[in-house]
Amino acid sequence: HLELLTLWQHLLCCSVGVLLISATFALPMPTSKLEFSRRSLGENVKQLDTQIPKGSLPYEEVDFSLNFLTGSSAAAAIAVCKRCPKLRVLKLYKNRIDDNGAVHLAELCHAVPGIEEMHLSHNMFTEVGARRIVEAAEASRPPDAVPLWLRLEQNIIENPEDAFEKMERDGLSVCRRADDKACNTRYCAHGAKVHLPHFYLQRSQLNGAPARGPVPQTQ
């Protein structure tokens, strides 16, 4: 019995040792979200090269909100997103991204056509930049994809209602989501490819006050 007890104790010690070694050298579990908000990046985006792995990335959500990113520095953040083939949600709200950044966002729409949400409110996009993004999203949208949930409110689009109606006249598949019960992030009651919720809520280019178009009626 003493020999069996000694053998059992030996095996137990070996098992504990293996578990401790495994825990020490285990690879970190992959995460589906890249959290990079509130880092005050501004133009200092070189740190992305050292803090984010190279090659294809597994992230389904990427958050670069509240970072003082401009049109030029946002290019580095968007380049990271292009390496995320499973990307569903991108958060870039409350930055300083202008129409130069819209060029890179349009490229992202083509690089990851199945992206489901782009949160771009409180930036510096004009009608030109907003339309560039919408056109790219509509052109690249897969037939079986949910509508893109594109948040562009509180930018500097001076006449948002006119801008939206012009997109409609030009045949772009957009919906203002006037009926929040009929349309949501996963479905459009009108079959549109791009949702533009709250698009009419913009701020003046001169003084920062809200520049509000007519409140849309239920379609």
# chains A, B, ... in the order shown; residues from 1 in each chain; ligands from 1
call {"tool": "select_by_dssp", "arguments": {"residues": "range 57-102 of chain A", "states": "strand (DSSP E)", "output": "count of residues only"}}
result
6
call {"tool": "atom_distance", "arguments": {"atom1": "CA of Arg96 in chain A", "atom2": "CA of Val45 in chain A"}}
result
14.2 Å
call {"tool": "residues_around", "arguments": {"residues": "Arg88 in chain A", "least_positions_apart": "5", "cutoff": "12 Å", "atoms": "only C-alpha atoms", "output": "compact mmCIF listing (two decimals) with N, CA, C and O atoms, in the first residue's frame"}}
result
# COMPACT_ATOMS: atom_id res chain seq x y z
N SER A 32 -12.05 38.67 -30.74
CA SER A 32 -12.75 39.13 -31.94
C SER A 32 -12.83 40.64 -32.02
O SER A 32 -13.39 41.19 -32.96
N LYS A 33 -12.28 41.35 -31.00
CA LYS A 33 -12.35 42.81 -30.99
C LYS A 33 -10.98 43.42 -30.76
O LYS A 33 -10.25 43.01 -29.86
N LEU A 34 -10.67 44.43 -31.57
CA LEU A 34 -9.46 45.23 -31.37
C LEU A 34 -9.89 46.55 -30.75
O LEU A 34 -10.53 47.37 -31.39
N PRO A 58 -7.82 38.46 -36.99
CA PRO A 58 -9.09 37.76 -36.77
C PRO A 58 -10.23 38.65 -36.30
O PRO A 58 -11.34 38.17 -36.08
N TYR A 59 -10.00 39.95 -36.17
CA TYR A 59 -10.96 40.82 -35.51
C TYR A 59 -12.25 40.99 -36.31
O TYR A 59 -12.23 41.21 -37.51
N GLU A 60 -13.38 40.94 -35.57
CA GLU A 60 -14.69 41.20 -36.16
C GLU A 60 -15.16 42.62 -35.84
O GLU A 60 -16.05 43.15 -36.49
N GLU A 61 -14.56 43.22 -34.83
CA GLU A 61 -14.87 44.60 -34.46
C GLU A 61 -13.57 45.34 -34.18
O GLU A 61 -12.69 44.83 -33.49
N VAL A 62 -13.47 46.55 -34.73
CA VAL A 62 -12.28 47.39 -34.53
C VAL A 62 -12.75 48.76 -34.07
O VAL A 62 -13.61 49.38 -34.69
N ASP A 63 -12.17 49.23 -32.98
CA ASP A 63 -12.58 50.51 -32.39
C ASP A 63 -11.40 51.47 -32.32
O ASP A 63 -10.49 51.30 -31.52
N CYS A 81 -7.70 47.68 -40.69
CA CYS A 81 -9.02 47.10 -40.94
C CYS A 81 -9.05 46.28 -42.23
O CYS A 81 -9.77 45.27 -42.31
N LYS A 82 -8.29 46.70 -43.21
CA LYS A 82 -8.25 45.96 -44.48
C LYS A 82 -7.67 44.57 -44.31
O LYS A 82 -7.86 43.71 -45.16
N LEU A 108 -11.84 50.46 -48.19
CA LEU A 108 -12.18 49.42 -47.23
C LEU A 108 -13.47 48.72 -47.60
O LEU A 108 -13.60 47.50 -47.42
N CYS A 109 -14.42 49.47 -48.11
CA CYS A 109 -15.70 48.87 -48.53
C CYS A 109 -15.48 47.79 -49.59
O CYS A 109 -16.16 46.77 -49.61
N VAL A 112 -13.33 44.76 -47.78
CA VAL A 112 -14.14 43.93 -46.88
C VAL A 112 -15.61 44.21 -47.18
O VAL A 112 -16.30 44.91 -46.42
N PRO A 113 -16.13 43.70 -48.29
CA PRO A 113 -17.48 44.08 -48.73
C PRO A 113 -18.60 43.64 -47.80
O PRO A 113 -19.69 44.20 -47.86
N GLY A 114 -18.33 42.68 -46.92
CA GLY A 114 -19.37 42.22 -46.01
C GLY A 114 -19.45 42.97 -44.70
O GLY A 114 -20.24 42.60 -43.83
N ILE A 115 -18.68 44.04 -44.55
CA ILE A 115 -18.73 44.82 -43.31
C ILE A 115 -20.16 45.28 -43.06
O ILE A 115 -20.87 45.68 -43.98
N GLU A 116 -20.60 45.23 -41.81
CA GLU A 116 -22.00 45.48 -41.50
C GLU A 116 -22.27 46.86 -40.89
O GLU A 116 -23.36 47.40 -41.07
N GLU A 117 -21.31 47.40 -40.16
CA GLU A 117 -21.53 48.69 -39.51
C GLU A 117 -20.27 49.55 -39.61
O GLU A 117 -19.17 49.07 -39.35
N MET A 118 -20.47 50.83 -39.95
CA MET A 118 -19.38 51.81 -39.95
C MET A 118 -19.88 53.04 -39.20
O MET A 118 -20.79 53.73 -39.66
N HIS A 119 -19.27 53.30 -38.05
CA HIS A 119 -19.68 54.40 -37.19
C HIS A 119 -18.71 55.56 -37.40
O HIS A 119 -17.60 55.57 -36.86
N ALA A 145 -25.79 40.11 -48.39
CA ALA A 145 -25.34 40.82 -47.18
C ALA A 145 -26.46 41.65 -46.59
O ALA A 145 -27.38 42.10 -47.29
N VAL A 146 -26.39 41.88 -45.28
CA VAL A 146 -27.33 42.78 -44.63
C VAL A 146 -26.99 44.20 -45.07
O VAL A 146 -25.87 44.48 -45.51
N PRO A 147 -27.92 45.14 -44.96
CA PRO A 147 -27.61 46.53 -45.34
C PRO A 147 -26.47 47.08 -44.48
O PRO A 147 -26.37 46.76 -43.29
N LEU A 148 -25.62 47.89 -45.08
CA LEU A 148 -24.56 48.54 -44.31
C LEU A 148 -25.19 49.60 -43.42
O LEU A 148 -25.93 50.46 -43.88
N TRP A 149 -24.89 49.55 -42.15
CA TRP A 149 -25.36 50.54 -41.17
C TRP A 149 -24.30 51.63 -41.12
O TRP A 149 -23.26 51.48 -40.48
N LEU A 150 -24.53 52.74 -41.82
CA LEU A 150 -23.53 53.78 -42.02
C LEU A 150 -23.92 55.04 -41.25
O LEU A 150 -24.81 55.78 -41.67
N THR A 185 -30.48 47.37 -37.93
CA THR A 185 -29.11 47.10 -38.39
C THR A 185 -29.02 45.85 -39.26
O THR A 185 -28.02 45.67 -39.97
N ARG A 186 -30.03 45.00 -39.20
CA ARG A 186 -29.96 43.73 -39.94
C ARG A 186 -30.93 43.66 -41.11
O ARG A 186 -30.85 42.72 -41.91
call {"tool": "residues_around", "arguments": {"residues": "Arg151 in chain A", "least_positions_apart": "2", "cutoff": "8 Å", "atoms": "only C-alpha atoms", "output": "VMD selection string"}}
result
chain A and resid 118 to 121 149 153 196 to 199
call {"tool": "write_last_selection", "arguments": {"atoms": "N, CA, C and O atoms", "output": "mmCIF file, in the first residue's frame"}}
result
data_model
loop_
_atom_site.group_PDB
_atom_site.id
_atom_site.type_symbol
_atom_site.label_atom_id
_atom_site.label_comp_id
_atom_site.auth_asym_id
_atom_site.auth_seq_id
_atom_site.Cartn_x
_atom_site.Cartn_y
_atom_site.Cartn_z
ATOM 1 N N MET A 118 -20.473 50.828 -39.954
ATOM 2 C CA MET A 118 -19.381 51.808 -39.953
ATOM 3 C C MET A 118 -19.875 53.037 -39.196
ATOM 4 O O MET A 118 -20.785 53.730 -39.655
ATOM 5 N N HIS A 119 -19.265 53.296 -38.054
ATOM 6 C CA HIS A 119 -19.678 54.401 -37.194
ATOM 7 C C HIS A 119 -18.709 55.565 -37.397
ATOM 8 O O HIS A 119 -17.602 55.567 -36.863
ATOM 9 N N LEU A 120 -19.150 56.556 -38.168
ATOM 10 C CA LEU A 120 -18.280 57.648 -38.597
ATOM 11 C C LEU A 120 -18.811 59.020 -38.177
ATOM 12 O O LEU A 120 -18.413 60.039 -38.739
ATOM 13 N N SER A 121 -19.681 59.057 -37.210
ATOM 14 C CA SER A 121 -20.255 60.337 -36.787
ATOM 15 C C SER A 121 -19.209 61.224 -36.112
ATOM 16 O O SER A 121 -18.139 60.756 -35.701
ATOM 17 N N TRP A 149 -24.891 49.547 -42.146
ATOM 18 C CA TRP A 149 -25.358 50.539 -41.173
ATOM 19 C C TRP A 149 -24.296 51.628 -41.118
ATOM 20 O O TRP A 149 -23.261 51.481 -40.475
ATOM 21 N N GLU A 153 -23.902 61.044 -39.182
ATOM 22 C CA GLU A 153 -24.450 62.269 -38.618
ATOM 23 C C GLU A 153 -23.373 63.087 -37.919
ATOM 24 O O GLU A 153 -22.293 62.576 -37.610
ATOM 25 N N LEU A 196 -28.677 55.017 -43.771
ATOM 26 C CA LEU A 196 -28.071 56.271 -43.316
ATOM 27 C C LEU A 196 -28.911 56.860 -42.183
ATOM 28 O O LEU A 196 -29.540 57.905 -42.330
ATOM 29 N N PRO A 197 -28.911 56.202 -41.025
ATOM 30 C CA PRO A 197 -29.724 56.711 -39.905
ATOM 31 C C PRO A 197 -29.191 58.047 -39.391
ATOM 32 O O PRO A 197 -27.980 58.262 -39.309
ATOM 33 N N HIS A 198 -30.109 58.944 -39.085
ATOM 34 C CA HIS A 198 -29.772 60.267 -38.510
ATOM 35 C C HIS A 198 -28.927 61.127 -39.451
ATOM 36 O O HIS A 198 -28.292 62.089 -39.002
ATOM 37 N N PHE A 199 -28.922 60.819 -40.727
ATOM 38 C CA PHE A 199 -28.076 61.549 -41.672
ATOM 39 C C PHE A 199 -28.412 63.036 -41.708
ATOM 40 O O PHE A 199 -27.530 63.872 -41.956
#
call {"tool": "atom_distance", "arguments": {"atom1": "CA of Leu172 in chain A", "atom2": "CA of Met124 in chain A"}}
result
22.5 Å
call {"tool": "residues_around", "arguments": {"residues": "Glu135 in chain A", "least_positions_apart": "5", "cutoff": "10 Å", "atoms": "only C-alpha atoms", "output": "ChimeraX atom specification"}}
result
/A:106,109,130,140,167,172-174,194
call {"tool": "select_by_dssp", "arguments": {"residues": "range 13-162 of chain A", "states": "alpha helix (DSSP H)", "output": "ChimeraX atom specification"}}
result
/A:13-25,47-51,74-82,99-111,127-140,160-162
call {"tool": "closest_residue", "arguments": {"among": "A:Ser56, A:Ser37, A:Gln51, A:Asn123", "to": "Thr70 in chain A", "atoms": "only C-alpha atoms"}}
result
A:Asn123
call {"tool": "closest_residue", "arguments": {"among": "A:Ile156, A:Leu92, A:Val103, A:Ala163", "to": "Ala136 in chain A", "atoms": "only C-alpha atoms"}}
result
A:Val103
call {"tool": "atom_distance", "arguments": {"atom1": "CA of Glu161 in chain A", "atom2": "CA of Asn184 in chain A"}}
result
20.4 Å
call {"tool": "closest_residue", "arguments": {"among": "A:Arg177, A:Arg169, A:Arg38, A:His104", "to": "Ala77 in chain A", "atoms": "only C-alpha atoms"}}
result
A:His104
call {"tool": "decode", "arguments": {"residues": "range 36-171 of chain A", "atoms": "C-alpha atoms", "output": "mmCIF file, in the first residue's frame"}}
result
data_model
loop_
_atom_site.group_PDB
_atom_site.id
_atom_site.type_symbol
_atom_site.label_atom_id
_atom_site.label_comp_id
_atom_site.auth_asym_id
_atom_site.auth_seq_id
_atom_site.Cartn_x
_atom_site.Cartn_y
_atom_site.Cartn_z
ATOM 1 C CA PHE A 36 -7.876 51.017 -29.605
ATOM 2 C CA SER A 37 -10.138 53.880 -28.555
ATOM 3 C CA ARG A 38 -9.092 56.884 -26.442
ATOM 4 C CA ARG A 39 -5.368 56.517 -27.185
ATOM 5 C CA SER A 40 -4.884 60.136 -28.365
ATOM 6 C CA LEU A 41 -3.193 58.863 -31.502
ATOM 7 C CA GLY A 42 -3.497 62.039 -33.552
ATOM 8 C CA GLU A 43 -0.767 61.862 -36.190
ATOM 9 C CA ASN A 44 1.336 59.465 -34.100
ATOM 10 C CA VAL A 45 0.156 56.225 -35.697
ATOM 11 C CA LYS A 46 3.542 54.511 -35.956
ATOM 12 C CA GLN A 47 2.760 52.663 -32.747
ATOM 13 C CA LEU A 48 0.198 50.644 -34.680
ATOM 14 C CA ASP A 49 3.096 48.903 -36.438
ATOM 15 C CA THR A 50 4.532 47.697 -33.136
ATOM 16 C CA GLN A 51 1.350 47.025 -31.153
ATOM 17 C CA ILE A 52 -0.738 45.252 -33.778
ATOM 18 C CA PRO A 53 0.386 41.924 -35.321
ATOM 19 C CA LYS A 54 1.331 41.699 -38.985
ATOM 20 C CA GLY A 55 -0.592 39.783 -41.612
ATOM 21 C CA SER A 56 -4.241 38.751 -41.612
ATOM 22 C CA LEU A 57 -6.126 39.556 -38.396
ATOM 23 C CA PRO A 58 -9.093 37.761 -36.770
ATOM 24 C CA TYR A 59 -10.963 40.819 -35.508
ATOM 25 C CA GLU A 60 -14.690 41.205 -36.160
ATOM 26 C CA GLU A 61 -14.872 44.604 -34.458
ATOM 27 C CA VAL A 62 -12.282 47.386 -34.528
ATOM 28 C CA ASP A 63 -12.582 50.510 -32.391
ATOM 29 C CA PHE A 64 -10.441 53.575 -33.176
ATOM 30 C CA SER A 65 -12.924 56.123 -31.814
ATOM 31 C CA LEU A 66 -11.919 59.286 -29.896
ATOM 32 C CA ASN A 67 -8.346 59.408 -31.157
ATOM 33 C CA PHE A 68 -7.952 62.815 -32.861
ATOM 34 C CA LEU A 69 -7.323 60.988 -36.143
ATOM 35 C CA THR A 70 -7.228 63.145 -39.275
ATOM 36 C CA GLY A 71 -7.793 62.195 -42.889
ATOM 37 C CA SER A 72 -4.135 61.307 -43.327
ATOM 38 C CA SER A 73 -3.495 59.517 -40.024
ATOM 39 C CA ALA A 74 -6.739 57.552 -40.328
ATOM 40 C CA ALA A 75 -5.191 55.826 -43.341
ATOM 41 C CA ALA A 76 -2.979 53.752 -41.024
ATOM 42 C CA ALA A 77 -5.941 52.702 -38.882
ATOM 43 C CA ILE A 78 -8.006 51.802 -41.940
ATOM 44 C CA ALA A 79 -5.063 49.805 -43.320
ATOM 45 C CA VAL A 80 -5.324 47.625 -40.209
ATOM 46 C CA CYS A 81 -9.024 47.104 -40.938
ATOM 47 C CA LYS A 82 -8.248 45.965 -44.475
ATOM 48 C CA ARG A 83 -6.343 43.062 -42.941
ATOM 49 C CA CYS A 84 -9.460 41.889 -41.077
ATOM 50 C CA PRO A 85 -11.427 39.718 -43.547
ATOM 51 C CA LYS A 86 -14.072 38.968 -40.892
ATOM 52 C CA LEU A 87 -14.580 42.614 -39.936
ATOM 53 C CA ARG A 88 -18.224 43.424 -39.179
ATOM 54 C CA VAL A 89 -18.099 46.628 -37.086
ATOM 55 C CA LEU A 90 -15.788 49.629 -37.446
ATOM 56 C CA LYS A 91 -15.886 52.514 -34.964
ATOM 57 C CA LEU A 92 -14.174 55.742 -36.011
ATOM 58 C CA TYR A 93 -16.563 58.249 -34.471
ATOM 59 C CA LYS A 94 -15.406 61.433 -32.725
ATOM 60 C CA ASN A 95 -12.207 61.969 -34.670
ATOM 61 C CA ARG A 96 -11.177 64.661 -37.193
ATOM 62 C CA ILE A 97 -11.358 62.587 -40.354
ATOM 63 C CA ASP A 98 -12.118 64.576 -43.512
ATOM 64 C CA ASP A 99 -12.756 63.718 -47.153
ATOM 65 C CA ASN A 100 -9.184 62.494 -47.562
ATOM 66 C CA GLY A 101 -10.031 59.741 -45.114
ATOM 67 C CA ALA A 102 -13.182 58.967 -47.097
ATOM 68 C CA VAL A 103 -10.954 57.747 -49.934
ATOM 69 C CA HIS A 104 -9.476 55.075 -47.664
ATOM 70 C CA LEU A 105 -12.882 54.148 -46.247
ATOM 71 C CA ALA A 106 -14.182 53.652 -49.773
ATOM 72 C CA GLU A 107 -11.275 51.295 -50.409
ATOM 73 C CA LEU A 108 -12.177 49.424 -47.228
ATOM 74 C CA CYS A 109 -15.698 48.866 -48.531
ATOM 75 C CA HIS A 110 -14.214 47.042 -51.512
ATOM 76 C CA ALA A 111 -11.591 45.198 -49.437
ATOM 77 C CA VAL A 112 -14.137 43.930 -46.881
ATOM 78 C CA PRO A 113 -17.476 44.076 -48.734
ATOM 79 C CA GLY A 114 -19.367 42.218 -46.012
ATOM 80 C CA ILE A 115 -18.730 44.822 -43.312
ATOM 81 C CA GLU A 116 -22.003 45.478 -41.498
ATOM 82 C CA GLU A 117 -21.525 48.691 -39.509
ATOM 83 C CA MET A 118 -19.381 51.808 -39.953
ATOM 84 C CA HIS A 119 -19.678 54.401 -37.194
ATOM 85 C CA LEU A 120 -18.280 57.648 -38.597
ATOM 86 C CA SER A 121 -20.255 60.337 -36.787
ATOM 87 C CA HIS A 122 -18.662 63.495 -35.345
ATOM 88 C CA ASN A 123 -15.937 63.866 -37.956
ATOM 89 C CA MET A 124 -15.224 66.334 -40.777
ATOM 90 C CA PHE A 125 -16.799 64.694 -43.829
ATOM 91 C CA THR A 126 -18.516 66.912 -46.381
ATOM 92 C CA GLU A 127 -21.127 65.789 -48.878
ATOM 93 C CA VAL A 128 -18.310 64.784 -51.250
ATOM 94 C CA GLY A 129 -16.688 62.417 -48.779
ATOM 95 C CA ALA A 130 -19.976 60.990 -47.558
ATOM 96 C CA ARG A 131 -21.097 60.236 -51.083
ATOM 97 C CA ARG A 132 -17.774 58.586 -51.925
ATOM 98 C CA ILE A 133 -18.241 56.155 -49.051
ATOM 99 C CA VAL A 134 -21.880 55.452 -49.940
ATOM 100 C CA GLU A 135 -21.064 54.796 -53.594
ATOM 101 C CA ALA A 136 -18.282 52.371 -52.708
ATOM 102 C CA ALA A 137 -20.422 50.547 -50.147
ATOM 103 C CA GLU A 138 -23.348 50.198 -52.545
ATOM 104 C CA ALA A 139 -21.184 49.024 -55.445
ATOM 105 C CA SER A 140 -19.322 46.404 -53.401
ATOM 106 C CA ARG A 141 -22.222 45.051 -51.316
ATOM 107 C CA PRO A 142 -22.706 41.280 -51.761
ATOM 108 C CA PRO A 143 -26.265 40.292 -52.779
ATOM 109 C CA ASP A 144 -26.830 38.263 -49.605
ATOM 110 C CA ALA A 145 -25.343 40.821 -47.184
ATOM 111 C CA VAL A 146 -27.330 42.783 -44.628
ATOM 112 C CA PRO A 147 -27.606 46.528 -45.338
ATOM 113 C CA LEU A 148 -24.563 48.537 -44.308
ATOM 114 C CA TRP A 149 -25.358 50.539 -41.173
ATOM 115 C CA LEU A 150 -23.526 53.779 -42.015
ATOM 116 C CA ARG A 151 -23.520 56.458 -39.318
ATOM 117 C CA LEU A 152 -22.561 59.825 -40.802
ATOM 118 C CA GLU A 153 -24.450 62.269 -38.618
ATOM 119 C CA GLN A 154 -22.751 65.265 -36.985
ATOM 120 C CA ASN A 155 -20.333 65.884 -39.833
ATOM 121 C CA ILE A 156 -20.238 69.055 -41.962
ATOM 122 C CA ILE A 157 -22.684 68.142 -44.706
ATOM 123 C CA GLU A 158 -24.350 71.506 -45.213
ATOM 124 C CA ASN A 159 -27.612 70.389 -46.846
ATOM 125 C CA PRO A 160 -28.105 66.789 -45.742
ATOM 126 C CA GLU A 161 -31.665 66.458 -46.998
ATOM 127 C CA ASP A 162 -30.672 67.680 -50.468
ATOM 128 C CA ALA A 163 -27.619 65.408 -50.437
ATOM 129 C CA PHE A 164 -29.741 62.380 -49.560
ATOM 130 C CA GLU A 165 -32.373 63.143 -52.195
ATOM 131 C CA LYS A 166 -29.649 63.572 -54.801
ATOM 132 C CA MET A 167 -28.292 60.122 -53.988
ATOM 133 C CA GLU A 168 -31.790 58.713 -54.410
ATOM 134 C CA ARG A 169 -32.283 60.487 -57.747
ATOM 135 C CA ASP A 170 -28.959 59.138 -58.956
ATOM 136 C CA GLY A 171 -30.136 55.612 -58.278
#
